[in-house]
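Next comes model_20.pdb, a file with PDB, C-alpha atoms and all ligand atoms.
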```pdb
ATOM      1  CA  MET A  12      48.850 -20.853 -23.019
ATOM      2  CA  THR A  13      50.151 -20.695 -19.454
ATOM      3  CA  HIS A  14      53.085 -18.427 -18.686
ATOM      4  CA  ALA A  15      55.002 -18.159 -15.380
ATOM      5  CA  LEU A  16      57.522 -15.554 -14.284
ATOM      6  CA  LEU A  17      60.323 -16.571 -11.910
ATOM      7  CA  ILE A  18      61.931 -13.698  -9.977
ATOM      8  CA  VAL A  19      65.304 -14.635  -8.432
ATOM      9  CA  ASN A  20      67.319 -12.542  -5.977
ATOM     10  CA  PRO A  21      70.792 -13.965  -6.747
ATOM     11  CA  THR A  22      72.203 -12.632  -3.460
ATOM     12  CA  SER A  23      69.672 -14.363  -1.170
ATOM     13  CA  GLY A  24      70.502 -17.358   1.004
ATOM     14  CA  ASP A  25      74.256 -16.742   0.955
ATOM     15  CA  LYS A  26      74.004 -16.528  -2.876
ATOM     16  CA  LYS A  27      72.487 -20.047  -3.059
ATOM     17  CA  ALA A  28      69.305 -18.781  -4.742
ATOM     18  CA  LYS A  29      71.271 -18.468  -7.958
ATOM     19  CA  ASP A  30      72.297 -22.163  -7.847
ATOM     20  CA  TYR A  31      68.758 -23.394  -7.129
ATOM     21  CA  ALA A  32      67.253 -21.212  -9.857
ATOM     22  CA  LYS A  33      68.089 -23.800 -12.564
ATOM     23  CA  ASP A  34      66.224 -26.588 -10.696
ATOM     24  CA  MET A  35      63.331 -24.222 -10.158
ATOM     25  CA  GLU A  36      63.190 -23.256 -13.829
ATOM     26  CA  ALA A  37      63.184 -26.939 -14.840
ATOM     27  CA  THR A  38      60.306 -27.683 -12.454
ATOM     28  CA  LEU A  39      58.275 -24.701 -13.648
ATOM     29  CA  THR A  40      58.843 -25.746 -17.259
ATOM     30  CA  GLU A  41      57.015 -28.999 -16.429
ATOM     31  CA  MET A  42      54.135 -27.020 -14.911
ATOM     32  CA  TYR A  43      53.692 -24.132 -17.407
ATOM     33  CA  ASP A  44      53.912 -23.759 -21.203
ATOM     34  CA  GLN A  45      56.307 -20.832 -20.960
ATOM     35  CA  VAL A  46      58.684 -19.711 -18.196
ATOM     36  CA  THR A  47      60.523 -16.376 -18.004
ATOM     37  CA  VAL A  48      63.337 -15.905 -15.463
ATOM     38  CA  LYS A  49      64.348 -12.458 -14.190
ATOM     39  CA  HIS A  50      67.187 -11.766 -11.741
ATOM     40  CA  THR A  51      66.938  -8.761  -9.431
ATOM     41  CA  GLU A  52      69.837  -6.307  -9.300
ATOM     42  CA  LYS A  53      68.644  -3.833  -6.703
ATOM     43  CA  ALA A  54      65.815  -2.845  -4.351
ATOM     44  CA  GLY A  55      62.541  -2.335  -6.221
ATOM     45  CA  ASP A  56      63.263  -4.734  -9.103
ATOM     46  CA  ALA A  57      61.060  -7.554  -7.768
ATOM     47  CA  THR A  58      58.132  -5.135  -7.356
ATOM     48  CA  ARG A  59      58.579  -3.827 -10.880
ATOM     49  CA  PHE A  60      58.825  -7.324 -12.404
ATOM     50  CA  ALA A  61      55.747  -8.562 -10.530
ATOM     51  CA  LYS A  62      53.683  -5.506 -11.457
ATOM     52  CA  GLN A  63      54.567  -5.967 -15.127
ATOM     53  CA  ALA A  64      53.402  -9.601 -14.851
ATOM     54  CA  THR A  65      49.966  -8.424 -13.644
ATOM     55  CA  GLN A  66      49.726  -6.081 -16.638
ATOM     56  CA  ASP A  67      50.804  -8.861 -19.019
ATOM     57  CA  ARG A  68      48.238 -11.185 -17.366
ATOM     58  CA  LEU A  69      50.743 -13.969 -16.692
ATOM     59  CA  THR A  70      49.387 -17.152 -15.115
ATOM     60  CA  ALA A  71      51.771 -17.230 -12.151
ATOM     61  CA  VAL A  72      54.586 -15.301 -10.481
ATOM     62  CA  PHE A  73      57.232 -17.094  -8.402
ATOM     63  CA  ALA A  74      59.904 -15.557  -6.179
ATOM     64  CA  MET A  75      63.152 -17.070  -4.879
ATOM     65  CA  GLY A  76      64.676 -15.047  -2.076
ATOM     66  CA  GLY A  77      64.403 -13.948   1.531
ATOM     67  CA  ASP A  78      61.486 -12.169   3.171
ATOM     68  CA  GLY A  79      62.688  -8.928   1.521
ATOM     69  CA  THR A  80      62.258 -10.345  -1.984
ATOM     70  CA  ILE A  81      58.900 -11.955  -1.111
ATOM     71  CA  ASN A  82      57.696  -8.627   0.319
ATOM     72  CA  GLU A  83      58.783  -6.753  -2.807
ATOM     73  CA  THR A  84      57.107  -9.282  -5.117
ATOM     74  CA  VAL A  85      53.826  -9.072  -3.186
ATOM     75  CA  ASN A  86      54.029  -5.264  -3.362
ATOM     76  CA  GLY A  87      53.966  -5.615  -7.154
ATOM     77  CA  LEU A  88      50.906  -7.904  -7.109
ATOM     78  CA  ALA A  89      48.733  -6.352  -4.401
ATOM     79  CA  GLU A  90      45.560  -4.512  -5.370
ATOM     80  CA  GLN A  91      46.230  -4.921  -9.083
ATOM     81  CA  GLU A  92      43.084  -5.547 -11.106
ATOM     82  CA  TYR A  93      44.399  -8.957 -12.270
ATOM     83  CA  ARG A  94      46.615 -10.939  -9.897
ATOM     84  CA  PRO A  95      48.508 -14.037 -11.070
ATOM     85  CA  VAL A  96      48.866 -17.073  -8.802
ATOM     86  CA  PHE A  97      51.796 -16.537  -6.428
ATOM     87  CA  GLY A  98      54.432 -19.038  -5.289
ATOM     88  CA  PHE A  99      57.819 -18.779  -3.656
ATOM     89  CA  ILE A 100      60.884 -20.660  -2.462
ATOM     90  CA  PRO A 101      62.167 -19.304   0.876
ATOM     91  CA  MET A 102      65.898 -18.542   0.623
ATOM     92  CA  GLY A 103      66.475 -16.106   3.517
ATOM     93  CA  THR A 104      67.481 -16.333   7.155
ATOM     94  CA  VAL A 105      64.076 -16.046   8.796
ATOM     95  CA  ASN A 106      61.569 -16.977   6.064
ATOM     96  CA  ASN A 107      58.638 -16.073   8.229
ATOM     97  CA  LEU A 108      55.941 -16.377   5.555
ATOM     98  CA  GLY A 109      57.369 -19.697   4.345
ATOM     99  CA  ARG A 110      57.229 -21.065   7.880
ATOM    100  CA  SER A 111      53.664 -19.936   8.494
ATOM    101  CA  LEU A 112      52.493 -21.479   5.188
ATOM    102  CA  GLY A 113      54.329 -24.774   5.800
ATOM    103  CA  ILE A 114      56.730 -24.416   2.870
ATOM    104  CA  SER A 115      59.912 -26.455   3.320
ATOM    105  CA  MET A 116      63.007 -24.608   4.540
ATOM    106  CA  ASP A 117      65.047 -26.956   2.338
ATOM    107  CA  PRO A 118      64.974 -25.256  -1.104
ATOM    108  CA  GLN A 119      65.375 -28.564  -2.968
ATOM    109  CA  GLU A 120      62.387 -30.032  -1.152
ATOM    110  CA  ALA A 121      60.341 -26.829  -1.555
ATOM    111  CA  ILE A 122      60.973 -26.948  -5.328
ATOM    112  CA  ALA A 123      60.073 -30.660  -5.520
ATOM    113  CA  ASN A 124      56.835 -30.043  -3.566
ATOM    114  CA  LEU A 125      55.649 -27.390  -6.035
ATOM    115  CA  LYS A 126      54.279 -29.924  -8.509
ATOM    116  CA  ASP A 127      52.082 -31.342  -5.784
ATOM    117  CA  SER A 128      50.878 -28.055  -4.310
ATOM    118  CA  VAL A 129      47.402 -26.623  -3.763
ATOM    119  CA  GLU A 130      46.063 -23.091  -4.130
ATOM    120  CA  LYS A 131      45.055 -21.178  -0.987
ATOM    121  CA  LYS A 132      43.751 -17.631  -0.507
ATOM    122  CA  MET A 133      46.210 -15.753   1.671
ATOM    123  CA  ASP A 134      45.719 -12.481   3.559
ATOM    124  CA  ILE A 135      48.164  -9.626   3.179
ATOM    125  CA  GLY A 136      48.601  -6.477   5.237
ATOM    126  CA  LYS A 137      48.473  -2.855   4.116
ATOM    127  CA  ILE A 138      50.334  -0.041   5.878
ATOM    128  CA  ASN A 139      49.592   3.403   4.449
ATOM    129  CA  ASP A 140      50.154   2.891   0.707
ATOM    130  CA  ARG A 141      52.327  -0.249   0.774
ATOM    131  CA  TYR A 142      51.871  -3.901   1.645
ATOM    132  CA  PHE A 143      53.359  -6.414   4.061
ATOM    133  CA  ILE A 144      53.405 -10.184   4.348
ATOM    134  CA  ASP A 145      54.467 -10.734   7.969
ATOM    135  CA  ILE A 146      54.606  -8.024  10.522
ATOM    136  CA  VAL A 147      54.656  -4.385  11.534
ATOM    137  CA  GLY A 148      56.702  -3.697  14.665
ATOM    138  CA  ILE A 149      56.996  -0.450  16.610
ATOM    139  CA  GLY A 150      59.427   0.375  19.426
ATOM    140  CA  GLU A 151      62.908  -0.513  20.594
ATOM    141  CA  VAL A 152      62.669  -4.290  20.127
ATOM    142  CA  PRO A 153      61.687  -4.124  16.426
ATOM    143  CA  ARG A 154      64.268  -1.396  15.906
ATOM    144  CA  ALA A 155      67.047  -3.543  17.411
ATOM    145  CA  VAL A 156      65.938  -6.531  15.343
ATOM    146  CA  GLN A 157      66.193  -4.432  12.190
ATOM    147  CA  GLN A 158      69.811  -3.626  12.977
ATOM    148  CA  VAL A 159      71.047  -7.235  13.123
ATOM    149  CA  ASP A 160      73.992  -7.339  10.744
ATOM    150  CA  ILE A 161      74.352  -9.773   7.883
ATOM    151  CA  GLU A 162      77.277 -11.660   9.469
ATOM    152  CA  GLU A 163      75.353 -12.307  12.687
ATOM    153  CA  LYS A 164      72.320 -13.395  10.640
ATOM    154  CA  THR A 165      74.341 -15.850   8.572
ATOM    155  CA  LYS A 166      76.008 -17.295  11.678
ATOM    156  CA  LEU A 167      72.999 -17.554  13.971
ATOM    157  CA  GLY A 168      69.882 -17.463  11.771
ATOM    158  CA  PRO A 169      66.647 -16.421  13.543
ATOM    159  CA  LEU A 170      68.447 -16.675  16.902
ATOM    160  CA  ALA A 171      70.347 -13.483  16.012
ATOM    161  CA  TYR A 172      67.046 -11.591  15.982
ATOM    162  CA  PHE A 173      66.025 -13.135  19.274
ATOM    163  CA  ILE A 174      69.298 -12.099  20.945
ATOM    164  CA  GLU A 175      69.087  -8.492  19.740
ATOM    165  CA  GLY A 176      65.377  -8.317  20.580
ATOM    166  CA  ALA A 177      65.958  -9.671  24.104
ATOM    167  CA  LYS A 178      68.772  -7.150  24.666
ATOM    168  CA  ALA A 179      66.431  -4.330  23.690
ATOM    169  CA  LEU A 180      63.913  -5.502  26.332
ATOM    170  CA  GLY A 181      66.303  -3.828  28.799
ATOM    171  CA  GLU A 182      65.650  -0.446  27.154
ATOM    172  CA  LYS A 183      63.333   1.874  29.023
ATOM    173  CA  LYS A 184      62.098   3.966  26.116
ATOM    174  CA  MET A 185      58.310   4.242  26.294
ATOM    175  CA  TYR A 186      55.839   5.761  23.888
ATOM    176  CA  ASP A 187      52.418   7.169  24.572
ATOM    177  CA  PHE A 188      50.174   5.512  21.987
ATOM    178  CA  ASN A 189      46.808   6.670  20.740
ATOM    179  CA  ILE A 190      45.183   3.788  18.853
ATOM    180  CA  GLU A 191      41.863   3.256  17.064
ATOM    181  CA  ILE A 192      41.340  -0.430  16.399
ATOM    182  CA  ASP A 193      38.110  -1.663  14.749
ATOM    183  CA  GLY A 194      36.181   1.193  16.401
ATOM    184  CA  GLU A 195      37.772   0.827  19.857
ATOM    185  CA  SER A 196      40.057   3.556  21.301
ATOM    186  CA  ILE A 197      43.141   2.498  23.248
ATOM    187  CA  GLN A 198      45.453   4.958  25.027
ATOM    188  CA  GLU A 199      48.436   3.167  26.487
ATOM    189  CA  VAL A 200      52.102   3.683  27.323
ATOM    190  CA  SER A 201      54.251   0.940  25.773
ATOM    191  CA  MET A 202      57.735   0.055  24.577
ATOM    192  CA  VAL A 203      56.619  -2.392  21.894
ATOM    193  CA  VAL A 204      53.623  -2.897  19.617
ATOM    194  CA  VAL A 205      53.456  -5.704  17.078
ATOM    195  CA  MET A 206      50.879  -6.424  14.351
ATOM    196  CA  SER A 207      51.268  -9.841  12.759
ATOM    197  CA  LEU A 208      49.436 -11.636   9.957
ATOM    198  CA  SER A 209      50.167 -15.135  11.209
ATOM    199  CA  ASN A 210      51.282 -17.428  14.024
ATOM    200  CA  SER A 211      54.962 -16.994  13.158
ATOM    201  CA  ILE A 212      56.952 -14.008  14.433
ATOM    202  CA  GLY A 213      60.619 -13.548  13.625
ATOM    203  CA  GLY A 214      60.828 -17.180  12.546
ATOM    204  CA  PHE A 215      59.373 -18.499  15.830
ATOM    205  CA  GLU A 216      56.272 -20.412  14.877
ATOM    206  CA  ASN A 217      54.253 -20.714  18.057
ATOM    207  CA  VAL A 218      53.847 -17.140  19.261
ATOM    208  CA  LEU A 219      50.174 -16.843  18.224
ATOM    209  CA  PRO A 220      48.884 -20.418  17.807
ATOM    210  CA  GLU A 221      45.373 -19.230  16.850
ATOM    211  CA  ALA A 222      46.537 -16.911  14.059
ATOM    212  CA  SER A 223      46.925 -17.911  10.423
ATOM    213  CA  ALA A 224      47.632 -16.250   7.086
ATOM    214  CA  TYR A 225      44.133 -17.300   5.974
ATOM    215  CA  ASP A 226      41.989 -16.012   8.869
ATOM    216  CA  GLY A 227      41.150 -12.558   7.473
ATOM    217  CA  ARG A 228      42.594 -10.872  10.553
ATOM    218  CA  LEU A 229      45.675  -9.024  11.711
ATOM    219  CA  HIS A 230      46.887  -9.741  15.235
ATOM    220  CA  PHE A 231      47.740  -6.790  17.475
ATOM    221  CA  MET A 232      49.872  -7.057  20.618
ATOM    222  CA  LEU A 233      50.887  -4.197  22.902
ATOM    223  CA  LEU A 234      53.139  -4.739  25.906
ATOM    224  CA  LYS A 235      51.781  -2.510  28.660
ATOM    225  CA  GLY A 236      54.374  -0.058  29.953
ATOM    226  CA  ASP A 237      53.317   0.019  33.573
ATOM    227  CA  LYS A 238      54.132  -3.675  34.070
ATOM    228  CA  ILE A 239      57.692  -3.228  32.908
ATOM    229  CA  ILE A 240      59.430  -4.816  35.935
ATOM    230  CA  ASP A 241      58.337  -8.367  35.237
ATOM    231  CA  LYS A 242      58.710  -8.277  31.459
ATOM    232  CA  VAL A 243      61.509 -10.876  31.453
ATOM    233  CA  SER A 244      59.034 -13.460  32.739
ATOM    234  CA  LEU A 245      57.060 -12.838  29.559
ATOM    235  CA  VAL A 246      59.696 -14.457  27.336
ATOM    236  CA  PRO A 247      58.693 -18.099  28.045
ATOM    237  CA  LYS A 248      55.031 -17.145  27.618
ATOM    238  CA  ILE A 249      55.759 -15.607  24.229
ATOM    239  CA  PHE A 250      57.413 -18.810  23.048
ATOM    240  CA  SER A 251      54.697 -21.078  24.392
ATOM    241  CA  GLY A 252      51.927 -19.205  22.594
ATOM    242  CA  GLN A 253      50.271 -17.660  25.658
ATOM    243  CA  VAL A 254      50.580 -13.946  24.922
ATOM    244  CA  ALA A 255      46.888 -13.429  24.164
ATOM    245  CA  GLU A 256      45.943 -14.371  27.749
ATOM    246  CA  ASP A 257      48.600 -12.363  29.585
ATOM    247  CA  GLU A 258      47.393  -9.318  31.559
ATOM    248  CA  ARG A 259      50.553  -7.400  30.661
ATOM    249  CA  ILE A 260      49.637  -7.598  26.992
ATOM    250  CA  ILE A 261      46.714  -6.086  25.100
ATOM    251  CA  TYR A 262      45.797  -8.500  22.321
ATOM    252  CA  ARG A 263      43.224  -7.960  19.571
ATOM    253  CA  ALA A 264      42.444  -9.764  16.313
ATOM    254  CA  PHE A 265      41.470  -6.908  13.983
ATOM    255  CA  GLU A 266      40.820  -5.674  10.451
ATOM    256  CA  LYS A 267      41.639  -1.971  10.551
ATOM    257  CA  ALA A 268      43.649   0.296  12.858
ATOM    258  CA  HIS A 269      45.091   3.799  13.102
ATOM    259  CA  LEU A 270      48.134   4.305  15.321
ATOM    260  CA  ALA A 271      49.637   7.605  16.433
ATOM    261  CA  LEU A 272      51.689   8.977  19.316
ATOM    262  CA  THR A 273      49.810  11.408  21.542
ATOM    263  CA  ASP A 274      52.606  13.986  21.410
ATOM    264  CA  GLY A 275      52.681  13.703  17.600
ATOM    265  CA  THR A 276      56.410  12.824  17.438
ATOM    266  CA  GLU A 277      57.652  10.754  14.505
ATOM    267  CA  LEU A 278      58.482   7.135  15.269
ATOM    268  CA  LYS A 279      59.597   4.807  12.485
ATOM    269  CA  THR A 280      58.009   1.380  12.098
ATOM    270  CA  ASN A 281      59.670  -1.897  11.123
ATOM    271  CA  VAL A 282      57.802  -3.583   8.249
ATOM    272  CA  ASP A 283      58.696  -7.210   7.435
ATOM    273  CA  GLY A 284      62.160  -6.658   8.965
ATOM    274  CA  ASP A 285      63.002  -3.429   7.144
ATOM    275  CA  GLU A 286      62.446   0.212   8.000
ATOM    276  CA  GLY A 287      58.884   1.311   7.300
ATOM    277  CA  PRO A 288      56.924   4.582   7.488
ATOM    278  CA  ALA A 289      56.776   6.711  10.645
ATOM    279  CA  LEU A 290      53.672   7.027  12.833
ATOM    280  CA  PRO A 291      50.882   8.001  12.369
ATOM    281  CA  ILE A 292      49.985   4.920  10.308
ATOM    282  CA  ASP A 293      46.892   3.232   8.931
ATOM    283  CA  VAL A 294      47.053  -0.566   8.974
ATOM    284  CA  SER A 295      44.515  -2.982   7.498
ATOM    285  CA  VAL A 296      44.166  -6.544   6.276
ATOM    286  CA  LEU A 297      43.334  -7.444   2.669
ATOM    287  CA  GLU A 298      41.452 -10.664   3.290
ATOM    288  CA  HIS A 299      42.191 -13.675   1.051
ATOM    289  CA  HIS A 300      43.862 -11.280  -1.387
ATOM    290  CA  LEU A 301      46.464 -13.508  -3.058
ATOM    291  CA  THR A 302      46.171 -17.033  -4.403
ATOM    292  CA  VAL A 303      49.288 -18.787  -3.104
ATOM    293  CA  LEU A 304      50.679 -22.249  -3.839
ATOM    294  CA  VAL A 305      51.363 -24.275  -0.684
ATOM    295  CA  PRO A 306      52.245 -27.949  -0.124
ATOM    296  CA  LYS A 307      49.242 -30.308  -0.227
ATOM    297  CA  SER A 308      49.766 -31.363   3.401
ATOM    298  CA  GLN A 309      48.880 -27.810   4.454
TER     299      GLN A 309
HETATM  300  N1  LIG B   1      71.360  -8.387  -7.250
HETATM  301  C1  LIG B   1      71.266  -7.814  -6.048
HETATM  302  N2  LIG B   1      72.382  -7.419  -5.373
HETATM  303  C2  LIG B   1      72.299  -6.881  -4.143
HETATM  304  N3  LIG B   1      71.129  -6.667  -3.472
HETATM  305  C3  LIG B   1      69.992  -7.038  -4.087
HETATM  306  C4  LIG B   1      69.994  -7.638  -5.397
HETATM  307  N4  LIG B   1      68.709  -7.894  -5.742
HETATM  308  C5  LIG B   1      67.935  -7.478  -4.699
HETATM  309  N5  LIG B   1      68.700  -6.964  -3.715
HETATM  310  C6  LIG B   1      68.278  -6.466  -2.388
HETATM  311  O1  LIG B   1      68.017  -7.592  -1.546
HETATM  312  C7  LIG B   1      66.895  -7.283  -0.716
HETATM  313  C8  LIG B   1      66.168  -8.513  -0.229
HETATM  314  O2  LIG B   1      67.055  -9.525   0.204
HETATM  315  P1  LIG B   1      66.453 -10.931   0.673
HETATM  316  O3  LIG B   1      65.391 -11.365  -0.266
HETATM  317  O4  LIG B   1      67.581 -11.885   0.895
HETATM  318  O5  LIG B   1      65.685 -10.584   1.971
HETATM  319  P2  LIG B   1      66.135 -10.419   3.477
HETATM  320  O6  LIG B   1      64.974  -9.784   4.150
HETATM  321  O7  LIG B   1      67.470  -9.766   3.532
HETATM  322  O8  LIG B   1      66.245 -11.926   3.939
HETATM  323  P3  LIG B   1      66.686 -12.475   5.324
HETATM  324  O9  LIG B   1      66.825 -11.301   6.283
HETATM  325  O10 LIG B   1      65.599 -13.399   5.751
HETATM  326  O11 LIG B   1      67.971 -13.164   5.048
HETATM  327  C9  LIG B   1      66.021  -6.453  -1.631
HETATM  328  O12 LIG B   1      65.130  -5.658  -0.899
HETATM  329  C10 LIG B   1      67.025  -5.644  -2.424
HETATM  330  O13 LIG B   1      67.289  -4.423  -1.751
END
```
Could you write out this structure as structure tokens?
Amino acid sequence: MTHALLIVNPTSGDKKAKDYAKDMEATLTEMYDQVTVKHTEKAGDATRFAKQATQDRLTAVFAMGGDGTINETVNGLAEQEYRPVFGFIPMGTVNNLGRSLGISMDPQEAIANLKDSVEKKMDIGKINDRYFIDIVGIGEVPRAVQQVDIEEKTKLGPLAYFIEGAKALGEKKMYDFNIEIDGESIQEVSMVVVMSLSNSIGGFENVLPEASAYDGRLHFMLLKGDKIIDKVSLVPKIFSGQVAEDERIIYRAFEKAHLALTDGTELKTNVDGDEGPALPIDVSVLEHHLTVLVPKSQ
């Protein structure tokens, strides 16, 4: 007998997730013998529900919510001995993972496409003892992006992050990084370091055209501090997918890295848009770790 769990964050997508949950349940009922629906009430619920599903050996776990809910659900599934098939309906502002996997941003369409989806093996990231689905950011730009308030997000969508991030480019705060990346040592002064799983960053889909959630690699970018004067000219390059070739940026596709500051000060990371652990950090990719349902056209 097949059994699917549907995790719904009723507050996601301007509270629309709650309305779409009925359609989703009906669709899942056509796909699985049994469907259980659980609504989250607070941070940590989605992780708990998903982890329980691995212990109960359910066939599939679905999430309806923003990147926060997707991240929490994946944190419940990752590195468990048995991992159910994973699917999700993006209901947030940015929906970075949904964009990189080609899932429709229209919830109705995303639900309808489920019946015609295929299974793919998706990479996930690990930072210290937790997991991420999109990105680890370090420095003033990721910090500013994290502080975008809910009203601005609702009004402007991903553009709100872009505006705050661009403002922070004017900041002059630099950090002296000491990095080990797949056996290579990098010492560099920088204001921003980003490690992404896919082509999509902050909802913008063409930043790293070569990268994908299935390539078994994380993608590291460090903006060199000594070339700070012409950093504004980098913006069009970032959006036309040319960062990997720019001399002001160190780019590496990698599997494992250790990042610290040379003076040993604590600096908090941004993980999938929320505050993460402080440096020093260990970051790695878990290749093809989750079986995810994506539209057939992908
Ligand atoms: N019933 C609830 N009421 C209030 N907050 C909740 C509830 N259930 C979960 N949460 C919180 O919502 C967070 C995730 O929200 P969501 O899934 O919308 O992600 P998001 O990252 O805010 O999305 P986006 O920024 O893309 O809009 C969870 O981490 C949890 O703290």
Explicit residue set for the PyMOL selection byres (((chain A and resi 277-292) around 6) and not hetatm), as a PyMOL selection string: chain A and resi 145-149+157+269-271+276+293
Writer output for current selection, C-alpha atoms, as a compact mmCIF listing (two decimals), in the coordinates of the input:
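Contents of out_15.txt, as written:
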```txt
# COMPACT_ATOMS: atom_id res chain seq x y z
CA ASP A 145 54.47 -10.73 7.97
CA ILE A 146 54.61 -8.02 10.52
CA VAL A 147 54.66 -4.38 11.53
CA GLY A 148 56.70 -3.70 14.66
CA ILE A 149 57.00 -0.45 16.61
CA GLN A 157 66.19 -4.43 12.19
CA HIS A 269 45.09 3.80 13.10
CA LEU A 270 48.13 4.30 15.32
CA ALA A 271 49.64 7.60 16.43
CA THR A 276 56.41 12.82 17.44
CA ASP A 293 46.89 3.23 8.93
```
Counting only C-alpha atoms and all ligand atoms, give me one row per residue of chain A with an atom at most 10 Å from an atom of ligand LIG 1 (chain B), showing the shortest contact pair and its distance in Å to one decimal, sorted by chain then residue number, as a Markdown table.
```
| residue | atom | partner | partner_atom | distance |
| --- | --- | --- | --- | --- |
| A:Ile18 | CA | B:LIG1 | N4 | 9.9 |
| A:Val19 | CA | B:LIG1 | N4 | 8.0 |
| A:Asn20 | CA | B:LIG1 | N4 | 4.9 |
| A:Pro21 | CA | B:LIG1 | N1 | 5.6 |
| A:Thr22 | CA | B:LIG1 | C1 | 5.5 |
| A:Ser23 | CA | B:LIG1 | O4 | 3.8 |
| A:Gly24 | CA | B:LIG1 | O4 | 6.2 |
| A:Asp25 | CA | B:LIG1 | O4 | 8.3 |
| A:Lys26 | CA | B:LIG1 | O4 | 8.8 |
| A:Ala28 | CA | B:LIG1 | O4 | 9.1 |
| A:His50 | CA | B:LIG1 | N1 | 7.0 |
| A:Thr51 | CA | B:LIG1 | N4 | 4.2 |
| A:Glu52 | CA | B:LIG1 | N1 | 3.3 |
| A:Lys53 | CA | B:LIG1 | N4 | 4.2 |
| A:Ala54 | CA | B:LIG1 | O13 | 3.4 |
| A:Gly55 | CA | B:LIG1 | C10 | 6.7 |
| A:Asp56 | CA | B:LIG1 | C5 | 7.0 |
| A:Ala57 | CA | B:LIG1 | C5 | 7.5 |
| A:Thr58 | CA | B:LIG1 | O12 | 9.5 |
| A:Ala74 | CA | B:LIG1 | O3 | 9.1 |
| A:Met75 | CA | B:LIG1 | O3 | 7.7 |
| A:Gly76 | CA | B:LIG1 | O3 | 4.2 |
| A:Gly77 | CA | B:LIG1 | O3 | 3.3 |
| A:Asp78 | CA | B:LIG1 | O6 | 4.3 |
| A:Gly79 | CA | B:LIG1 | O5 | 3.5 |
| A:Thr80 | CA | B:LIG1 | O3 | 3.7 |
| A:Ile81 | CA | B:LIG1 | O3 | 6.6 |
| A:Asn82 | CA | B:LIG1 | O12 | 8.1 |
| A:Glu83 | CA | B:LIG1 | O12 | 6.7 |
| A:Thr84 | CA | B:LIG1 | O12 | 9.8 |
| A:Pro101 | CA | B:LIG1 | O10 | 8.4 |
| A:Met102 | CA | B:LIG1 | O4 | 6.9 |
| A:Gly103 | CA | B:LIG1 | O10 | 3.6 |
| A:Thr104 | CA | B:LIG1 | O10 | 3.8 |
| A:Val105 | CA | B:LIG1 | O10 | 4.3 |
| A:Asn106 | CA | B:LIG1 | O10 | 5.4 |
| A:Asn107 | CA | B:LIG1 | O10 | 7.9 |
| A:Gln157 | CA | B:LIG1 | O9 | 9.1 |
| A:Val159 | CA | B:LIG1 | O9 | 9.0 |
| A:Asp160 | CA | B:LIG1 | O9 | 9.3 |
| A:Ile161 | CA | B:LIG1 | O11 | 7.8 |
| A:Lys164 | CA | B:LIG1 | O11 | 7.1 |
| A:Thr165 | CA | B:LIG1 | O11 | 7.8 |
| A:Gly168 | CA | B:LIG1 | O11 | 8.2 |
| A:Pro169 | CA | B:LIG1 | O10 | 8.4 |
| A:Tyr172 | CA | B:LIG1 | O9 | 9.7 |
| A:Gly213 | CA | B:LIG1 | O10 | 9.3 |
| A:Gly214 | CA | B:LIG1 | O10 | 9.1 |
| A:Asp283 | CA | B:LIG1 | O6 | 7.5 |
| A:Gly284 | CA | B:LIG1 | O6 | 6.4 |
| A:Asp285 | CA | B:LIG1 | O6 | 7.3 |
```
Protein, DNA and RNA residues within 12 Å of (66.0, -21.4, -10.7), all atoms listed in the file, as an MDAnalysis selection string: chainID A and resid 16:21 27:40 46:50 73:76 99:100 102 118:119 122
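For the pair CA of Lys126 (chain A) and CA of Met42 (chain A), the interatomic distance is 7.0 Å.
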Result set, the PyMOL selection byres (((chain A and resi 195) around 12) and not hetatm) on current file, as JSON, numbers by chain: {"A": [189, 190, 191, 192, 193, 194, 196, 197, 198, 263, 265, 266, 267, 268, 269, 270]}
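Counting from CA of Asn86 (chain A), the distance to CA of Gly275 (chain A) is 28.3 Å.
Minimum distance to Val129 (chain A) across A:Arg94, A:Arg59, A:Arg228, A:Lys307 (counting all atoms listed in the file) occurs at A:Lys307.
Between Ile135 (chain A) and the candidates A:Glu90, A:Asp187, A:Asp67, A:Glu221, the tightest atom-to-atom separation, counting all atoms listed in the file, involves A:Glu90.
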Separation of CA of Tyr43 (chain A) from CA of Gly136 (chain A), in Å and rounded to one decimal: 29.2 Å
Residues matched by the PyMOL selection byres (((chain A and resi 89) around 12) and not hetatm) as a ChimeraX atom specification: /A:58,61-62,64-65,82-88,90-97,133-137,140-144,296-302
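Using all atoms listed in the file, the nearest neighbour of Ser209 (chain A) within the list A:Leu272, A:Leu108, A:Val303, A:Ile260 is A:Leu108.
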Selection: 8 Å around Ser128 (chain A), only C-alpha atoms, excl. self and same-chain fewer than 6 positions, as a CSV table (one decimal) with C-alpha atoms, in the coordinates of the input:
```
chain,number,residue,atom,x,y,z
A,304,LEU,CA,50.7,-22.2,-3.8
A,305,VAL,CA,51.4,-24.3,-0.7
A,306,PRO,CA,52.2,-27.9,-0.1
A,307,LYS,CA,49.2,-30.3,-0.2
```
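Among A:Pro153, A:Asp257, A:Met12, A:Asp226, the residue with the shortest atom-to-atom distance to Ile212 (chain A), counting only C-alpha atoms, is A:Pro153.
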Expected axis-aligned box over every listed atom of region 199-212 of chain A, 5 Å added per side, centre plus edges in Å to one decimal, as lines of an AutoDock Vina configuration file:
```
center_x = 53.1
center_y = -6.9
center_z = 18.6
size_x = 19.3
size_y = 31.1
size_z = 27.4
```
Ile261 (chain A) surroundings by only C-alpha atoms, 12 Å radius, close-in-sequence under 6 positions cut, as a ChimeraX atom specification: /A:190,192,197-201,203-206,230-236,238,254-255
